[in-house]
Structures are given as structure tokens and as C-alpha cells.
$ cat input-v2.txt   # compact mmCIF, C-alpha atoms
# COMPACT_ATOMS: atom_id res chain seq x y z
CA MET A 1171 0.00 0.00 0.00
CA ALA A 1172 2.81 2.41 0.84
CA LYS A 1173 4.49 1.62 -2.47
CA SER A 1174 1.34 2.27 -4.50
CA ASN A 1175 0.68 5.53 -2.66
CA MET A 1176 4.23 6.70 -3.33
CA ILE A 1177 3.90 5.90 -7.04
CA LYS A 1178 0.55 7.69 -7.20
CA ARG A 1179 2.07 10.79 -5.60
CA LEU A 1180 4.93 10.67 -8.10
CA LYS A 1181 2.51 10.50 -11.02
CA SER A 1182 0.16 13.14 -9.59
CA ARG A 1183 2.77 15.90 -9.43
CA SER A 1184 1.70 18.69 -11.71
CA PRO A 1185 4.07 18.94 -14.68
CA TYR A 1186 2.79 22.29 -15.94
CA ALA A 1187 5.30 24.40 -14.03
CA GLY A 1188 8.11 22.35 -15.58
CA TYR A 1189 6.56 22.69 -19.03
CA ALA A 1190 6.33 26.45 -18.63
CA PHE A 1191 9.97 26.67 -17.53
CA VAL A 1192 11.17 24.64 -20.52
CA ALA A 1193 8.99 26.69 -22.88
CA ILE A 1194 10.49 29.91 -21.52
CA ILE A 1195 14.03 28.63 -22.03
CA VAL A 1196 13.27 27.49 -25.59
CA SER A 1197 11.62 30.80 -26.46
CA LEU A 1198 14.53 32.81 -25.05
CA ILE A 1199 17.03 30.79 -27.07
CA CYS A 1200 14.95 31.25 -30.22
CA ASN A 1201 14.71 35.00 -29.89
CA PHE A 1202 18.08 35.94 -28.46
CA SER A 1203 20.43 33.54 -30.17
CA TYR A 1204 22.47 35.39 -32.75
CA LEU A 1205 23.60 32.02 -33.98
CA LEU A 1206 20.26 31.50 -35.69
CA LEU A 1207 20.54 34.89 -37.33
CA LEU A 1208 24.05 34.14 -38.49
CA VAL A 1209 22.97 30.80 -39.93
CA SER A 1210 20.04 32.38 -41.68
CA ASN A 1211 22.29 34.98 -43.20
CA GLN A 1212 24.79 32.37 -44.36
CA THR A 1213 22.92 31.66 -47.59
CA ASP A 1214 22.90 35.29 -48.61
CA THR A 1215 26.56 35.70 -47.63
CA GLY A 1216 27.50 32.55 -49.47
CA ASN A 1217 25.78 33.72 -52.61
CA ARG A 1218 27.52 37.08 -52.37
CA ARG A 1219 30.94 35.44 -51.93
CA ALA A 1220 30.26 33.09 -54.81
CA ASN A 1221 29.32 35.99 -57.03
CA ARG A 1222 32.49 37.76 -56.01
CA GLY A 1223 34.51 34.65 -56.82
CA ARG A 1224 32.98 34.40 -60.25
CA ASN A 1225 33.52 38.07 -60.89
CA LYS A 1226 37.00 38.76 -59.58
CA ASP A 1227 37.68 41.03 -62.52
CA ALA A 1228 34.29 42.78 -62.34
CA VAL A 1229 34.52 46.53 -61.81
CA SER A 1230 32.44 47.99 -59.01
CA GLU A 1231 30.47 51.15 -59.65
CA ILE A 1232 28.52 53.47 -57.42
CA VAL A 1233 24.94 53.89 -58.61
CA GLU A 1234 22.22 56.14 -57.28
CA GLY A 1235 18.60 55.68 -58.14
CA LYS A 1236 15.08 54.86 -57.15
CA LEU A 1237 14.02 51.31 -56.28
CA SER A 1238 11.23 49.71 -58.22
CA VAL A 1239 9.91 46.36 -56.96
CA ASN A 1240 8.49 43.86 -59.42
CA ARG A 1241 5.46 41.69 -58.66
CA ASP A 1242 7.69 38.62 -58.82
CA GLY A 1243 9.65 39.81 -55.80
CA PHE A 1244 12.83 41.19 -57.33
CA GLY A 1245 13.62 44.85 -57.94
CA TYR A 1246 15.59 47.32 -60.02
CA ILE A 1247 17.36 50.52 -59.05
CA VAL A 1248 16.87 52.94 -61.94
CA SER A 1249 19.32 55.84 -62.14
CA GLU A 1250 18.67 59.23 -63.76
CA GLU A 1251 20.87 58.16 -66.67
CA GLY A 1252 18.53 55.23 -67.27
CA ASP A 1253 20.89 52.54 -66.03
CA SER A 1254 19.35 49.76 -63.88
CA VAL A 1255 20.78 47.61 -61.13
CA TYR A 1256 19.19 44.26 -60.35
CA VAL A 1257 18.28 43.49 -56.70
CA ASP A 1258 17.26 39.90 -55.89
CA HIS A 1259 14.28 39.17 -53.65
CA ARG A 1260 16.43 37.87 -50.77
CA LYS A 1261 18.28 41.17 -50.39
CA LEU A 1262 15.04 43.08 -50.74
CA HIS A 1263 13.62 41.11 -47.85
CA TRP A 1264 16.55 41.02 -45.44
CA LEU A 1265 17.51 44.65 -46.01
CA ASN A 1266 13.85 45.73 -45.79
CA LEU A 1267 14.06 47.68 -49.01
CA ALA A 1268 10.74 49.10 -50.17
CA GLU A 1269 9.23 50.50 -53.34
CA GLY A 1270 10.37 54.08 -53.94
CA ASP A 1271 13.47 54.01 -51.73
CA LEU A 1272 16.25 56.30 -52.94
CA LEU A 1273 19.38 54.20 -52.79
CA ARG A 1274 23.07 54.68 -53.28
CA VAL A 1275 24.60 51.26 -53.84
CA GLU A 1276 27.77 49.52 -54.88
CA ALA A 1277 27.07 47.44 -57.98
CA TYR A 1278 29.09 45.12 -60.16
CA GLU A 1279 28.70 43.94 -63.71
CA ARG A 1280 28.08 40.23 -64.30
CA THR A 1281 30.13 38.95 -67.22
CA ASP A 1282 29.00 35.30 -67.18
CA PHE A 1283 26.04 35.99 -69.46
CA GLU A 1284 25.89 37.07 -73.07
CA SER A 1285 24.06 40.21 -72.05
CA LYS A 1286 25.60 42.41 -69.38
CA HIS A 1287 23.69 43.30 -66.23
CA PHE A 1288 24.52 45.21 -63.09
CA TYR A 1289 23.83 43.54 -59.73
CA MET A 1290 23.66 45.23 -56.36
CA ARG A 1291 26.52 44.22 -54.05
CA ARG A 1292 25.73 46.35 -50.99
CA VAL A 1293 23.74 49.39 -49.95
CA LEU A 1294 25.66 52.53 -49.03
CA GLN A 1295 22.86 55.01 -48.39
CA ARG A 1296 19.11 54.84 -48.11
CA ASN A 1297 16.92 57.92 -48.53
CA GLY A 1298 19.93 60.15 -47.88
CA ALA A 1299 21.01 58.39 -44.67
CA GLU A 1300 23.96 56.08 -44.28
CA PHE A 1301 22.81 52.44 -44.33
CA SER A 1302 23.93 50.34 -41.32
CA TYR A 1303 23.85 46.58 -41.58
CA GLY A 1304 24.25 46.31 -37.82
CA ALA A 1305 20.90 48.03 -37.40
CA LEU A 1306 19.26 44.96 -38.93
CA TYR A 1307 20.20 43.03 -35.78
CA ARG A 1308 19.81 45.86 -33.30
CA GLY A 1309 16.33 46.51 -34.61
CA SER A 1310 15.14 43.24 -33.09
CA GLU A 1311 15.78 44.69 -29.66
CA GLN A 1312 12.63 46.79 -29.82
CA TRP A 1313 10.61 45.61 -26.85
CA HIS A 1314 7.29 45.03 -28.64
CA ILE A 1315 8.95 42.86 -31.31
CA VAL A 1316 10.81 40.85 -28.69
CA LEU A 1317 7.65 40.41 -26.62
CA TYR A 1318 5.60 39.36 -29.65
CA GLN A 1319 8.09 36.68 -30.68
CA PHE A 1320 8.72 35.53 -27.12
CA ILE A 1321 5.01 34.96 -26.44
CA PHE A 1322 4.50 33.18 -29.76
CA TYR A 1323 7.35 30.68 -29.38
CA PHE A 1324 6.56 30.20 -25.69
CA ALA A 1325 2.99 29.25 -26.58
CA LEU A 1326 4.20 26.99 -29.40
CA ALA A 1327 6.68 25.16 -27.15
CA PHE A 1328 4.16 24.82 -24.30
CA LEU A 1329 1.52 23.41 -26.67
CA MET A 1330 3.97 20.85 -28.03
CA LEU A 1331 4.94 19.81 -24.50
CA LEU A 1332 1.29 19.24 -23.66
CA VAL A 1333 0.86 17.10 -26.77
CA MET A 1334 4.03 15.07 -26.17
CA ASN A 1335 2.99 14.33 -22.57
CA SER A 1336 -0.78 14.32 -22.99
CA LYS A 1337 -1.31 10.83 -21.54
CA GLY A 1338 1.46 10.59 -19.00
CA ARG A 1339 5.06 9.51 -19.30
CA ASP A 1340 4.48 5.80 -19.85
CA ALA A 1341 3.92 6.06 -23.61
CA THR A 1342 5.06 3.29 -25.92
CA TRP A 1343 7.30 3.98 -28.89
CA ARG A 1344 4.27 3.96 -31.21
CA GLN A 1345 2.45 6.50 -29.05
CA PHE A 1346 5.60 8.62 -28.82
CA LEU A 1347 6.02 8.69 -32.61
CA ALA A 1348 2.32 9.50 -33.07
CA ARG A 1349 2.63 12.47 -30.72
CA ALA A 1350 5.80 13.60 -32.47
CA ALA A 1351 3.93 13.50 -35.79
CA ILE A 1352 1.20 15.69 -34.31
CA CYS A 1353 3.85 18.17 -33.17
CA VAL A 1354 5.28 18.26 -36.69
CA LEU A 1355 1.81 19.19 -38.01
CA ILE A 1356 1.47 21.85 -35.32
CA ALA A 1357 4.86 23.31 -36.24
CA PHE A 1358 3.90 23.32 -39.93
CA ALA A 1359 0.59 25.07 -39.25
CA ALA A 1360 2.17 27.53 -36.80
CA TYR A 1361 4.81 28.46 -39.37
CA PHE A 1362 2.31 30.43 -41.48
CA ILE A 1363 1.28 32.60 -38.54
CA SER A 1364 4.77 32.95 -37.10
CA PRO A 1365 5.82 36.57 -36.53
CA VAL A 1366 8.25 38.13 -38.98
CA PRO A 1367 9.74 41.43 -37.78
CA LEU A 1368 10.41 44.12 -40.36
CA MET A 1369 13.43 45.45 -38.54
CA HIS A 1370 13.70 48.75 -40.33
CA SER A 1371 10.10 49.77 -39.83
CA GLY A 1372 9.49 47.98 -36.52
CA GLU A 1373 6.40 46.26 -37.88
CA VAL A 1374 5.64 42.57 -37.13
CA ILE A 1375 3.72 40.57 -39.71
CA PRO A 1376 2.82 36.87 -40.04
CA VAL A 1377 4.66 34.72 -42.56
CA TYR A 1378 1.68 34.43 -44.91
CA LYS A 1379 1.80 38.20 -45.41
CA SER A 1380 5.53 38.22 -46.06
CA ARG A 1381 7.06 38.81 -49.47
CA GLN A 1382 8.40 35.28 -49.69
CA ILE A 1383 6.96 31.93 -48.79
CA VAL A 1384 10.08 30.51 -47.12
CA GLU A 1385 11.28 32.61 -44.22
CA PHE A 1386 14.57 30.97 -43.36
CA VAL A 1387 14.85 32.32 -39.81
CA VAL A 1388 11.29 31.25 -38.98
CA VAL A 1389 11.97 27.80 -40.41
CA LEU A 1390 15.07 27.54 -38.24
CA LYS A 1391 13.21 28.62 -35.12
CA SER A 1392 10.28 26.27 -35.75
CA CYS A 1393 12.60 23.32 -36.38
CA PHE A 1394 14.62 24.23 -33.30
CA VAL A 1395 11.51 24.30 -31.08
CA LEU A 1396 10.25 21.03 -32.56
CA ALA A 1397 13.57 19.21 -32.13
CA VAL A 1398 14.15 20.45 -28.57
CA ILE A 1399 10.64 19.56 -27.40
CA ILE A 1400 10.73 16.06 -28.89
CA LEU A 1401 14.20 15.34 -27.48
CA TYR A 1402 13.31 16.83 -24.10
CA SER A 1403 10.11 14.78 -23.89
CA ARG A 1404 11.91 11.56 -24.73
CA ILE A 1405 14.79 12.17 -22.33
CA TYR A 1406 12.43 13.28 -19.58
CA THR A 1407 10.30 10.15 -20.11
CA LEU A 1408 13.34 7.90 -19.83
CA LEU A 1409 14.54 9.68 -16.69
CA TYR A 1410 11.05 9.47 -15.18
CA ARG A 1411 10.86 5.75 -15.87
CA GLU A 1412 14.28 5.21 -14.35
CA GLN A 1413 13.22 7.16 -11.27
CA GLN A 1414 9.96 5.21 -11.05
CA ILE A 1415 11.74 1.86 -11.34
CA SER A 1416 14.29 2.90 -8.71
CA LEU A 1417 11.49 4.00 -6.40
CA GLU A 1418 9.58 0.76 -6.89
CA ASN A 1419 12.68 -1.31 -6.26
CA GLU A 1420 13.49 0.65 -3.13
CA MET A 1421 9.95 0.32 -1.85
CA LEU A 1422 9.97 -3.42 -2.55
CA ARG A 1423 13.29 -3.82 -0.74
CA ASN A 1424 11.94 -1.96 2.26
CA GLU A 1425 8.75 -3.99 2.14
CA ASN A 1426 10.70 -7.22 1.94
CA LEU A 1427 12.88 -6.27 4.89
CA THR A 1428 9.86 -5.13 6.90
CA THR A 1429 8.03 -8.34 6.06
CA LYS A 1430 10.93 -10.46 7.25
CA TYR A 1431 11.20 -8.56 10.52
CA ASN A 1432 7.43 -8.70 11.04
CA MET A 1433 7.36 -12.43 10.36
CA LEU A 1434 10.25 -12.98 12.75
CA ALA A 1435 8.67 -10.81 15.44
CA SER A 1436 5.19 -12.30 14.97
CA GLN A 1437 6.35 -15.85 15.36
CA ILE A 1438 8.74 -15.38 18.27
CA ASN A 1439 5.97 -13.83 20.35
CA PRO A 1440 4.63 -14.60 23.80
CA HIS A 1441 1.58 -16.52 22.54
CA PHE A 1442 3.65 -18.89 20.44
CA LEU A 1443 6.16 -19.34 23.24
CA PHE A 1444 3.48 -19.87 25.90
CA ASN A 1445 1.64 -22.43 23.79
CA SER A 1446 4.88 -24.28 23.12
CA LEU A 1447 5.83 -24.31 26.80
CA SER A 1448 2.32 -25.46 27.73
CA SER A 1449 2.63 -28.39 25.33
CA LEU A 1450 6.05 -29.22 26.74
CA SER A 1451 4.66 -29.00 30.27
CA MET A 1452 1.94 -31.45 29.31
CA LEU A 1453 4.51 -33.97 28.09
CA VAL A 1454 6.52 -33.55 31.27
CA ARG A 1455 3.46 -34.15 33.43
CA GLU A 1456 2.72 -37.27 31.42
CA LYS A 1457 6.34 -38.34 31.98
CA ASP A 1458 6.74 -38.97 28.27
CA GLU A 1459 10.47 -38.33 28.21
CA GLU A 1460 11.06 -39.45 24.63
CA ARG A 1461 8.39 -37.19 23.16
CA ALA A 1462 9.41 -34.36 25.48
CA LEU A 1463 13.02 -34.55 24.30
CA ASN A 1464 11.90 -34.73 20.68
CA TYR A 1465 9.59 -31.76 21.27
CA ILE A 1466 12.46 -29.74 22.76
CA ASN A 1467 14.67 -30.57 19.77
CA GLN A 1468 11.97 -29.56 17.29
CA LEU A 1469 11.18 -26.38 19.22
CA SER A 1470 14.87 -25.50 19.33
CA TYR A 1471 15.25 -26.14 15.60
CA THR A 1472 12.19 -23.99 14.88
CA PHE A 1473 13.51 -21.00 16.82
CA ARG A 1474 16.98 -21.42 15.32
CA TYR A 1475 15.56 -21.47 11.80
CA LEU A 1476 13.44 -18.40 12.44
CA SER A 1477 16.34 -16.44 13.89
CA GLN A 1478 18.84 -17.43 11.17
CA ASN A 1479 16.58 -16.97 8.13
CA GLY A 1480 14.16 -14.30 9.28
CA VAL A 1481 16.21 -11.36 8.00
CA ASN A 1482 19.47 -12.24 6.32
CA SER A 1483 18.42 -14.77 3.67
CA ASN A 1484 16.58 -14.16 0.42
CA PHE A 1485 16.50 -17.77 -0.76
CA ILE A 1486 16.82 -21.16 0.81
CA ALA A 1487 16.78 -24.71 -0.54
CA LEU A 1488 13.45 -26.50 -0.46
CA ARG A 1489 14.95 -29.35 1.60
CA GLU A 1490 15.76 -26.86 4.41
CA GLU A 1491 12.30 -25.31 4.27
CA ILE A 1492 10.71 -28.77 4.48
CA LYS A 1493 12.83 -29.64 7.54
CA PHE A 1494 11.57 -26.48 9.18
CA ALA A 1495 7.97 -27.27 8.21
CA GLU A 1496 8.29 -30.78 9.68
CA ALA A 1497 9.63 -29.38 12.96
CA TYR A 1498 7.02 -26.62 13.03
CA SER A 1499 4.16 -29.01 12.26
CA TYR A 1500 5.36 -31.39 14.99
CA LEU A 1501 4.72 -28.66 17.55
CA PHE A 1502 1.11 -28.44 16.39
CA LYS A 1503 0.70 -32.22 16.46
CA ILE A 1504 1.74 -32.30 20.11
CA ARG A 1505 -0.35 -29.24 20.92
CA TYR A 1506 -3.51 -30.72 19.44
CA ALA A 1507 -2.83 -34.26 20.75
CA ASP A 1508 -2.41 -35.85 17.32
CA LYS A 1509 -5.75 -34.52 16.03
CA ILE A 1510 -3.96 -32.96 13.08
CA ARG A 1511 -1.85 -34.66 10.45
CA PHE A 1512 0.67 -33.21 8.01
CA ASP A 1513 1.37 -35.25 4.88
CA PHE A 1514 4.61 -34.41 3.07
CA ASP A 1515 5.07 -35.62 -0.51
CA ILE A 1516 8.13 -33.87 -1.94
CA GLU A 1517 9.68 -35.11 -5.17
CA GLU A 1518 13.42 -35.52 -4.85
CA MET A 1519 14.10 -33.56 -8.04
CA TYR A 1520 12.81 -30.40 -6.35
CA LEU A 1521 14.77 -30.63 -3.10
CA ASP A 1522 17.51 -28.29 -4.34
CA TYR A 1523 15.09 -25.75 -5.81
CA LYS A 1524 15.00 -22.34 -4.13
CA LEU A 1525 12.24 -20.33 -2.47
CA PRO A 1526 12.07 -17.45 0.03
CA PRO A 1527 12.63 -18.71 3.59
CA MET A 1528 9.66 -19.10 5.94
CA SER A 1529 7.22 -19.40 3.04
CA LEU A 1530 5.53 -22.41 4.66
CA GLN A 1531 5.25 -20.93 8.14
CA PRO A 1532 2.28 -18.57 7.47
CA LEU A 1533 0.48 -21.23 5.40
CA VAL A 1534 0.76 -23.90 8.09
CA GLY A 1535 -0.17 -21.35 10.74
CA ASN A 1536 -3.24 -20.17 8.80
CA ALA A 1537 -4.42 -23.75 8.25
CA VAL A 1538 -4.43 -24.34 11.99
CA LYS A 1539 -5.75 -20.92 12.92
CA HIS A 1540 -8.79 -20.75 10.64
CA ASN A 1541 -10.18 -24.32 10.86
CA THR A 1542 -11.88 -26.42 13.52
CA ILE A 1543 -9.66 -29.19 14.90
CA SER A 1544 -11.50 -31.78 16.98
CA SER A 1545 -11.17 -35.38 18.04
CA LYS A 1546 -14.13 -36.42 15.90
CA LYS A 1547 -12.24 -36.28 12.66
CA MET A 1548 -8.57 -35.98 11.80
CA PHE A 1549 -7.60 -32.66 10.17
CA TYR A 1550 -5.27 -33.08 7.18
CA VAL A 1551 -2.78 -30.65 5.70
CA ARG A 1552 -1.00 -31.74 2.53
CA ILE A 1553 2.37 -30.33 1.46
CA TYR A 1554 3.61 -31.59 -1.90
CA THR A 1555 5.33 -30.60 -5.15
CA GLU A 1556 3.65 -30.37 -8.53
CA ASN A 1557 4.84 -28.97 -11.87
CA GLY A 1558 7.48 -26.70 -10.36
CA TYR A 1559 5.29 -25.54 -7.47
CA LEU A 1560 5.25 -26.25 -3.75
CA VAL A 1561 1.60 -26.77 -2.87
CA VAL A 1562 -0.02 -26.45 0.55
CA SER A 1563 -3.60 -27.65 0.70
CA ASN A 1564 -6.04 -28.25 3.55
CA GLU A 1565 -9.70 -29.13 3.81
CA LYS A 1566 -11.97 -26.34 5.01
CA ARG A 1567 -13.66 -26.76 8.39
CA PRO A 1568 -15.13 -23.36 9.25
CA MET A 1569 -15.03 -22.42 12.90
CA LEU A 1570 -18.19 -21.42 14.77
CA GLU A 1571 -16.47 -18.17 15.72
CA PRO A 1572 -13.95 -17.50 12.94
CA ASN A 1573 -10.68 -15.84 13.83
CA PRO A 1574 -10.53 -12.43 12.15
CA GLY A 1575 -7.92 -12.52 9.44
CA THR A 1576 -6.14 -9.43 8.11
CA GLY A 1577 -4.81 -11.07 4.96
CA VAL A 1578 -1.43 -9.49 5.65
CA GLY A 1579 0.38 -12.83 5.77
CA LEU A 1580 -0.58 -13.91 2.25
CA SER A 1581 -0.18 -10.37 0.91
CA ASN A 1582 3.33 -10.06 2.29
CA LEU A 1583 4.23 -13.52 1.03
CA ASN A 1584 3.03 -12.58 -2.45
CA SER A 1585 5.02 -9.32 -2.34
CA ARG A 1586 8.18 -11.23 -1.47
CA TYR A 1587 7.70 -13.58 -4.41
CA GLN A 1588 7.12 -10.63 -6.74
CA LEU A 1589 10.32 -8.98 -5.56
CA LEU A 1590 12.59 -12.01 -5.44
CA LEU A 1591 11.23 -14.20 -8.26
CA ASN A 1592 9.14 -11.74 -10.27
CA ARG A 1593 6.29 -14.23 -9.92
CA GLU A 1594 3.12 -14.43 -7.85
CA ILE A 1595 1.71 -17.11 -5.62
CA GLU A 1596 -1.50 -18.83 -6.72
CA ILE A 1597 -4.46 -19.09 -4.34
CA ILE A 1598 -7.34 -21.52 -4.96
CA ASP A 1599 -10.23 -21.10 -2.55
CA ASN A 1600 -13.38 -23.19 -3.00
CA ASP A 1601 -16.05 -24.69 -0.77
CA LYS A 1602 -14.02 -27.78 0.11
CA GLU A 1603 -10.33 -26.84 0.07
CA PHE A 1604 -7.99 -23.93 0.46
CA THR A 1605 -4.83 -24.27 -1.64
CA VAL A 1606 -1.77 -22.09 -2.09
CA LYS A 1607 0.82 -22.79 -4.80
CA LEU A 1608 4.31 -21.37 -4.30
CA PRO A 1609 6.60 -21.06 -7.37
CA LEU A 1610 9.97 -22.77 -7.05
CA GLU A 1611 13.14 -21.40 -8.61
CA LYS A 1612 15.65 -23.81 -10.09
CA ASP A 1613 19.10 -23.52 -8.54
CA SER A 1614 21.34 -21.84 -11.13
CA GLU A 1615 24.62 -22.85 -9.48

$ encode --input "input-v2.txt" --output "C-alpha cells"
Amino acid sequence: MAKSNMIKRLKSRSPYAGYAFVAIIVSLICNFSYLLLLVSNQTDTGNRRANRGRNKDAVSEIVEGKLSVNRDGFGYIVSEEGDSVYVDHRKLHWLNLAEGDLLRVEAYERTDFESKHFYMRRVLQRNGAEFSYGALYRGSEQWHIVLYQFIFYFALAFLMLLVMNSKGRDATWRQFLARAAICVLIAFAAYFISPVPLMHSGEVIPVYKSRQIVEFVVVLKSCFVLAVIILYSRIYTLLYREQQISLENEMLRNENLTTKYNMLASQINPHFLFNSLSSLSMLVREKDEERALNYINQLSYTFRYLSQNGVNSNFIALREEIKFAEAYSYLFKIRYADKIRFDFDIEEMYLDYKLPPMSLQPLVGNAVKHNTISSKKMFYVRIYTENGYLVVSNEKRPMLEPNPGTGVGLSNLNSRYQLLLNREIEIIDNDKEFTVKLPLEKDSE
């Protein structure tokens, strides 16, 4: 019960605060990492360097003119002399150049075509003011742009975290991949409404209103959020499972240790000792020296077995457990004046098999405790092996005033088998018999 309550508390901890923290971190990295901006600018820089490499002998010229933007996304700078300089759509977008801008640019002539064209290399002045490329990055520091993007990517990351962990952290690989696929669809849909800052003007627009369909920075940010959330969810799930397994193992170890101590304490108790001494006293009064000496030997062996195997042993050979059961049952035979009989039928092939110590003690004790034992009819308890199990079976003779049973003995015994053998005991309870089957473990040595 303590173990299950601990696991329930572990699972019931609200994860939303953790999700929010992770979403904040992801959003901050997305919006304040210059690395993403540098990567996004790499394509434009690479193209510019490639053009320079192909045009080492090209002569640069300074051209002034008015920018005209074509419907297809590219533009031309037309000078007063009628010359035109081509501006590709990528530079138009990243430099935030607009229709009607008066520009002073450095241009070069491409010589790799039959017809000669001038291409813009860099902007020197815009509308009479010196053009600063650094302002393209500093412009993102405007608080409303930062806040807009921060909130958007925070919400996106938080939503993905909810999807990835929607049904707890015990998802199978198939469920995990299905949730990851949903997150991919969310990222794809969110891309079209992702904020795109126009750094020169300070305006923020969604991607679908942008001049180009593929916004490289937004793609990078969306992929970054998607990858981080999926990896985080998987790693967090694995760590959670490891923690849960460790907790369960620790609880089982504690339960096993507690069970052993409880069993030891419950059997070496005043009632058991007083009943044993009373039976011994009866034999002494009857002057039955042989049975009295045998009783003392069996009682001594019982207490020795309980003290030696109550705490320190996890497994014991079946032959040792049977010796204990024979000594323990002998005490009951004397106590009830031979009105009870224990039949042992153990196959020799199973004598070296292993089982947790003191497995028979609660079963023998329960058989005596919960049934009527009288001189009218002998009470039988059978202990035998069958198909890899040690079986304890007794006929049912309900008492007129049944002893209240807590069920703790069988529950603890089953918990020990789960911990040590990863198996459970089998209980068969019908109108005529009560049977318990204990799994036996083959000795691996």
C-alpha cells in the first residue's frame, strides 16, 4: 500500500510548471540567439561570396537611383541616366528595401552571361542616410517585437509539450512517434502565422503576409523548437521511468525487509512461546520423556531457523524449508494431541530448488488458525510438489467463531515472491479446500 501511494504521488505531481519553464528557455534561445541569425544569413553571404569569386575582374560602380519592386519579388534601381541595377528578392527582404526608396549602392557587372547586367553588391545610403547593416540586428531589440516573438514561441513550445505528454510519461514507442507527428503538423501550421519582424520599420507581420513563402529564420526557429521539445520529452520520459523503477525497487526492498522482521517478530511472540511451553509442560506431566526430548529438539530447531533466516536470507533450498515445516508441524501435532496430520510428498528432483525462507510458516499457521480441529475427525494438511510448485492444501472446516484474518500474511508472502522471483503465488479457494501454490526457482549454481 505504501508503495502504490508513493507511485501515485509521483505520477500526480503537476508537470505544468516544468513545461512552462522549458517553454520559456526554448523561447529565449529562439529569440536571443544570434547564432540562428548568423545561420540564416549564411545563404545570402555565401551567394555574395560566390558571385564575387565568379567576378573577380568585375569593376564595381557606385549607382544612385530609385528602387522599383516587381510583382515577382525582385527589384531594379533605376538611375537618372537610365541605367538599372538588379536586386534579388532575398536582399530586398533582409535589407527591408521598399518601393520608392532612394538608394546609393555599390554594384558590379556580371560577365557570365551574353548580355551584361549590373547587380547590387551592398547598400551605401538609403533615402539620404547612411545604411547600417548592424541596425538589422539591433532593430530586433525593440521591446514590442521581442515580446511578440517571445510569447508566440513560448505558446508553441508549451503546446507541443502538452501534446508530447498528454497521456502521461508511460507512452510506448508507437504513441511517442504519433505524438511527435502531431507536433510536426502543429509546427507546420504555426509556421504560417509565425511573426516576422520588419526590422527597419518595426512592424511585425505573419509569414503568410511576407514577401516570400520561405522565411529561413522562422523555419530555423520552428525546427529548433520542434527538435528540442521532442528530445526533451523523450529524455524526460526515460529519466522518469528510471526514477519510477528505482522508487519501486526501493519500496519493494523496504517492504521485503519489513516483512521479514514482522514475520520474525510475529512468530517469536509470547503466545507462540506460551503455547509451546504449555505443550512441553503437558509432556513432562505425562512423563513422556522421549516425546518431550523430541519436542524440545523440534522447538529448538524452529527457533533457530526463524532467527537465522528471518532477516538475512533471500532464498533457501526446499529441503531446508521442508525440515523447518516438519519441525514446526510437529509442535502443532503435540499441541492438538495428534488430532492434526501433516502429509509431506516432496519429489526428490525439487529438493535443491529455491524459495524465500519461511514461506511455509504462514500457510501452516493459517491452516491451523482458521479451521476447527476436533477429536471427531482428523484434520489433514497436505504439502507436496507439482509442476514446479510447492503446494499447501487443507480441507476447510469453518469455525463457529472464525478468527478475524487481516490477509497481511498472504499479501506479504506474495510481495516477497514478486520482488525475489518476479512471480506471484497462486491461491485456490473453493467450498471444500484452500490451496496455495508457491513457485519454485531452479538452482542456477

$ closest_residue --input "input-v2.txt" --among "A:Leu1396, A:Ala1277, A:Leu1610, A:Val1389" --to "Glu1491 (chain A)" --atoms "all atoms listed in the file"
A:Leu1610

$ closest_residue --input "input-v2.txt" --among "A:Asn1201, A:Met1519, A:Glu1276, A:Lys1391" --to "Ser1230 (chain A)" --atoms "only C-alpha atoms"
A:Glu1276

$ residues_around --input "input-v2.txt" --residues "Tyr1361 (chain A)" --least-positions-apart "5" --cutoff "12 Å" --atoms "all atoms listed in the file" --output "ChimeraX atom specification"
/A:1322-1323,1326,1354-1356,1366,1376-1380,1383-1393,1395-1396

$ closest_residue --input "input-v2.txt" --among "A:Ala1497, A:Ile1486, A:Val1538, A:Leu1533" --to "Ile1510 (chain A)" --atoms "only C-alpha atoms"
A:Val1538

$ atom_distance --input "input-v2.txt" --atom1 "CA of Leu1267 (chain A)" --atom2 "CA of Phe1394 (chain A)"
28.2 Å

$ closest_residue --input "input-v2.txt" --among "A:Tyr1520, A:Phe1549, A:Phe1604, A:Phe1473" --to "Asp1508 (chain A)" --atoms "all atoms listed in the file"
A:Phe1549

$ atom_distance --input "input-v2.txt" --atom1 "CA of Ala1327 (chain A)" --atom2 "CA of Thr1342 (chain A)"
22.0 Å

$ atom_distance --input "input-v2.txt" --atom1 "CA of Asp1271 (chain A)" --atom2 "CA of Ser1238 (chain A)"
8.1 Å
